[in-house]
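Pasting my_file_10.tsv here (TSV, C-alpha atoms):
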chain	number	residue	atom	x	y	z
A	297	SER	CA	-13.00	-15.91	-14.11
A	298	LYS	CA	-12.48	-17.92	-10.90
A	299	GLY	CA	-16.18	-18.55	-10.38
A	300	TRP	CA	-16.27	-17.15	-6.86
A	301	ASN	CA	-19.57	-16.46	-5.16
A	302	ALA	CA	-20.16	-12.70	-5.00
A	303	LEU	CA	-21.72	-13.10	-1.54
A	304	VAL	CA	-18.50	-14.63	-0.18
A	305	PHE	CA	-16.58	-11.73	-1.67
A	306	ALA	CA	-18.92	-9.15	-0.12
A	307	ALA	CA	-18.99	-10.98	3.22
A	308	SER	CA	-15.18	-10.86	3.38
A	309	PHE	CA	-14.96	-7.05	3.36
A	310	PRO	CA	-15.08	-6.84	7.19
A	311	ILE	CA	-11.77	-8.72	7.21
A	312	LEU	CA	-10.25	-5.79	5.32
A	313	SER	CA	-11.77	-3.24	7.72
A	314	ILE	CA	-10.79	-5.04	10.92
A	315	THR	CA	-7.28	-5.88	9.73
A	316	SER	CA	-6.73	-2.33	8.50
A	317	ALA	CA	-7.82	-0.87	11.85
A	318	ILE	CA	-5.60	-3.21	13.88
A	319	ALA	CA	-2.65	-2.75	11.52
A	320	GLY	CA	-3.15	1.01	11.74
A	321	MET	CA	-2.81	0.92	15.52
A	322	ILE	CA	0.24	-1.33	15.41
A	323	GLY	CA	1.67	0.76	12.57
A	324	GLY	CA	1.19	3.94	14.58
A	325	TYR	CA	3.18	2.42	17.43
A	326	LEU	CA	5.95	1.31	15.05
A	327	ILE	CA	6.04	4.74	13.40
A	328	ASP	CA	6.44	6.38	16.81
A	329	ARG	CA	9.25	3.98	17.75
A	330	LEU	CA	11.10	3.66	14.43
A	331	GLY	CA	9.93	6.46	12.15
A	332	ALA	CA	7.73	6.14	9.07
A	333	TRP	CA	10.67	6.31	6.69
A	334	ARG	CA	12.19	3.15	8.20
A	335	LEU	CA	8.98	1.24	7.45
A	336	LEU	CA	8.83	2.26	3.77
A	337	PRO	CA	10.63	-0.84	2.39
A	338	TYR	CA	8.11	-3.12	4.10
A	339	LEU	CA	4.79	-1.33	3.63
A	340	LEU	CA	3.94	-2.77	0.23
A	341	LEU	CA	5.03	-6.35	0.93
A	342	PRO	CA	1.64	-7.51	2.27
A	343	LEU	CA	0.00	-5.90	-0.78
A	344	CYS	CA	2.50	-7.72	-2.99
A	345	PHE	CA	1.54	-11.02	-1.37
A	346	SER	CA	-2.18	-10.24	-1.54
A	347	ASN	CA	-1.88	-9.82	-5.31
A	348	LEU	CA	0.07	-13.07	-5.57
A	349	VAL	CA	-2.71	-14.78	-3.61
A	350	LEU	CA	-5.31	-13.50	-6.10
A	351	TRP	CA	-3.13	-14.53	-9.02
A	352	LEU	CA	-2.42	-18.05	-7.75
A	353	GLY	CA	-5.39	-18.84	-5.52
A	354	SER	CA	-8.47	-20.66	-6.68
A	355	GLY	CA	-10.53	-21.42	-3.58
A	356	GLU	CA	-12.93	-18.98	-1.98
A	357	TRP	CA	-10.61	-18.86	1.07
A	358	THR	CA	-8.34	-16.82	-1.22
A	359	ILE	CA	-10.72	-13.87	-0.87
A	360	ALA	CA	-10.32	-13.74	2.93
A	361	LEU	CA	-6.52	-14.00	2.71
A	362	PHE	CA	-6.46	-11.28	0.04
A	363	PHE	CA	-8.47	-8.90	2.24
A	364	PHE	CA	-6.35	-9.73	5.29
A	365	LEU	CA	-3.06	-8.98	3.51
A	366	THR	CA	-4.46	-5.88	1.82
A	367	GLY	CA	-5.68	-4.63	5.20
A	368	LEU	CA	-2.19	-5.05	6.68
A	369	SER	CA	-0.74	-2.73	4.05
A	370	ALA	CA	-3.62	-0.27	4.05
A	371	GLY	CA	-3.64	0.22	7.80
A	372	VAL	CA	0.04	1.03	8.09
A	373	VAL	CA	0.28	2.97	4.81
A	374	ASN	CA	-2.54	5.31	5.88
A	375	ASN	CA	-0.52	6.36	8.94
A	376	ALA	CA	2.91	6.35	7.32
A	377	ALA	CA	1.80	8.40	4.32
A	378	SER	CA	0.87	11.29	6.59
A	379	ILE	CA	4.02	11.17	8.69
A	380	VAL	CA	6.74	10.48	6.13
A	381	TRP	CA	6.26	13.88	4.47
A	382	ALA	CA	6.96	15.72	7.72
A	383	GLU	CA	9.97	13.48	8.37
A	384	LEU	CA	11.42	14.18	4.92
A	385	TYR	CA	10.56	17.84	4.42
A	386	GLY	CA	9.70	19.27	7.83
A	387	THR	CA	6.44	20.92	8.77
A	388	THR	CA	6.85	24.40	7.28
A	389	HIS	CA	5.04	23.54	4.03
A	390	ILE	CA	3.33	20.34	5.17
A	391	GLY	CA	-0.11	21.55	4.01
A	392	ALA	CA	1.04	22.09	0.43
A	393	ILE	CA	3.03	18.85	0.41
A	394	ARG	CA	0.11	16.79	1.72
A	395	ALA	CA	-2.28	18.49	-0.71
A	396	LEU	CA	-0.07	17.53	-3.64
A	397	ALA	CA	0.40	13.99	-2.33
A	398	THR	CA	-3.36	13.61	-1.77
A	399	ALA	CA	-4.10	14.89	-5.28
A	400	GLY	CA	-1.70	12.31	-6.68
A	401	MET	CA	-3.34	9.57	-4.61
A	402	VAL	CA	-6.83	10.59	-5.75
A	403	PHE	CA	-5.68	10.61	-9.37
A	404	ALA	CA	-4.09	7.17	-9.02
A	405	SER	CA	-7.23	5.82	-7.30
A	406	ALA	CA	-9.36	7.14	-10.15
A	407	ALA	CA	-7.01	5.93	-12.89
A	408	GLY	CA	-6.52	2.42	-11.45
A	409	PRO	CA	-9.89	0.91	-12.39
A	410	GLY	CA	-9.72	2.53	-15.83
A	411	ILE	CA	-6.27	1.10	-16.48
A	412	ALA	CA	-7.40	-2.34	-15.29
A	413	GLY	CA	-10.40	-2.12	-17.64
A	414	VAL	CA	-8.24	-1.12	-20.61
A	415	LEU	CA	-5.93	-4.05	-19.89
A	416	ILE	CA	-8.91	-6.43	-19.67
A	417	ASP	CA	-10.16	-5.08	-23.02
A	418	ALA	CA	-6.66	-5.70	-24.40
A	419	GLY	CA	-6.95	-9.36	-23.41
A	420	ILE	CA	-5.01	-9.27	-20.13
A	421	PRO	CA	-7.29	-10.81	-17.50
A	422	LEU	CA	-7.44	-9.29	-14.02
A	423	GLU	CA	-5.94	-12.51	-12.67
A	424	ARG	CA	-2.74	-11.95	-14.68
A	425	GLN	CA	-2.74	-8.24	-13.84
A	426	CYS	CA	-2.41	-9.24	-10.19
A	427	LEU	CA	0.99	-10.74	-11.02
A	428	TYR	CA	2.05	-7.42	-12.56
A	429	TYR	CA	0.79	-5.49	-9.54
A	430	ALA	CA	2.72	-7.84	-7.24
A	431	VAL	CA	5.91	-7.30	-9.24
A	432	TYR	CA	5.34	-3.53	-9.08
A	433	CYS	CA	4.94	-3.63	-5.29
A	434	ALA	CA	8.04	-5.81	-4.94
A	435	LEU	CA	10.11	-3.45	-7.11
A	436	ALA	CA	8.89	-0.44	-5.13
A	437	SER	CA	9.88	-2.17	-1.89
A	438	VAL	CA	13.33	-3.00	-3.25
A	439	THR	CA	13.72	0.61	-4.42
A	440	TYR	CA	12.81	1.94	-0.97
A	441	PHE	CA	15.23	-0.55	0.59
A	442	LEU	CA	18.06	0.56	-1.71
A	443	LEU	CA	17.32	4.24	-1.02
A	444	ARG	CA	16.96	3.91	2.75
A	445	GLY	CA	20.43	5.38	3.39
A	446	ARG	CA	19.68	8.51	1.38
A	447	VAL	CA	16.21	8.81	2.87
A	448	GLY	CA	17.65	8.46	6.38
A	449	GLN	CA	20.19	11.17	5.62
A	450	ARG	CA	17.40	13.47	4.42
A	451	VAL	CA	15.39	12.80	7.59
A	452	ARG	CA	18.42	13.59	9.77
A	453	GLU	CA	19.08	16.81	7.83
A	454	THR	CA	15.45	17.86	8.18
A	455	ALA	CA	15.47	17.09	11.91
A	456	SER	CA	18.68	19.06	12.49
A	457	SER	CA	17.35	22.13	10.65
A	458	ARG	CA	14.32	22.50	12.96

Since I need it in another form, could you write the structure as structure tokens?
Amino acid sequence: SKGWNALVFAASFPILSITSAIAGMIGGYLIDRLGAWRLLPYLLLPLCFSNLVLWLGSGEWTIALFFFLTGLSAGVVNNAASIVWAELYGTTHIGAIRALATAGMVFASAAGPGIAGVLIDAGIPLERQCLYYAVYCALASVTYFLLRGRVGQRVRETASSR
């Protein structure tokens, strides 16, 4: 509905790839220094802002900024998602835990486009959905922030039981 050139959109995908790779390396360093669980409140903030950019933006430059911000989240989340399970639950059953988490992620990835399509059919344009996605990411970040004390306690208990 914004009238963007599909070629500009397609040409901007390398921004996502490059940003995700660089953010993944920086995120790996931060995870080693701070722990994945300490990063949880901040991981979805770039994704929140990327959705706000799509909701509010109108110029084709919006596409590049969207991919940049999405890449920031994706790069760090990919690393943190693997590590946080071991921090919270130890490594004894890490295979089963990761399998369940991966199954949930695959399900969510498959359901996402379908849900967006149903909402479009219900008269809620993708542009407005981006606002809802941004609010969801912000609420998840606030929830992680509020729970950081309990999560930290769990991590310390897991570490002391090894």

From A:Leu343, A:Ile327, A:Leu384, A:Ala392, residue lying nearest A:Leu361 [only C-alpha atoms]: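 Residue with the minimum atom-to-atom distance to A:Leu361: A:Leu343.
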
One-decimal distance in Å that lies between atom CA of A:Ile390 and atom CA of A:Ser457: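 Between atom CA of A:Ser457 and atom CA of A:Ile390 the gap is 15.2 Å.
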
Nearest to A:Gly445, chosen from A:Tyr325, A:Trp300, A:Trp333, A:Phe305, with only C-alpha atoms counted in the distances: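 Looking at the shortest contact to A:Gly445, the residue is A:Trp333.
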
Near-stretch 427-435 of chain A list (7 Å; all atoms listed in the file; drop same-chain fewer than 3 positions) as number ranges by chain: A: 340-341, 344-345, 347-348, 351, 424, 438-439

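Distances from A:Ala382, A:Ala407, A:Val414, A:Ile314 to A:Arg452 were compared using only C-alpha atoms, and the smallest one belongs to A:Ala382.
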
Interatomic distance, atom CA of A:Ser378 to atom CA of A:Leu336 (Å, one decimal):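 According to the coordinates, atom CA of A:Ser378 and atom CA of A:Leu336 are separated by 12.4 Å.
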
10 Å contact set for A:Asn374, only C-alpha atoms, chain neighbours under 2 positions out, as a PyMOL selection string: chain A and resi 316+319-320+323-324+369-372+376-379
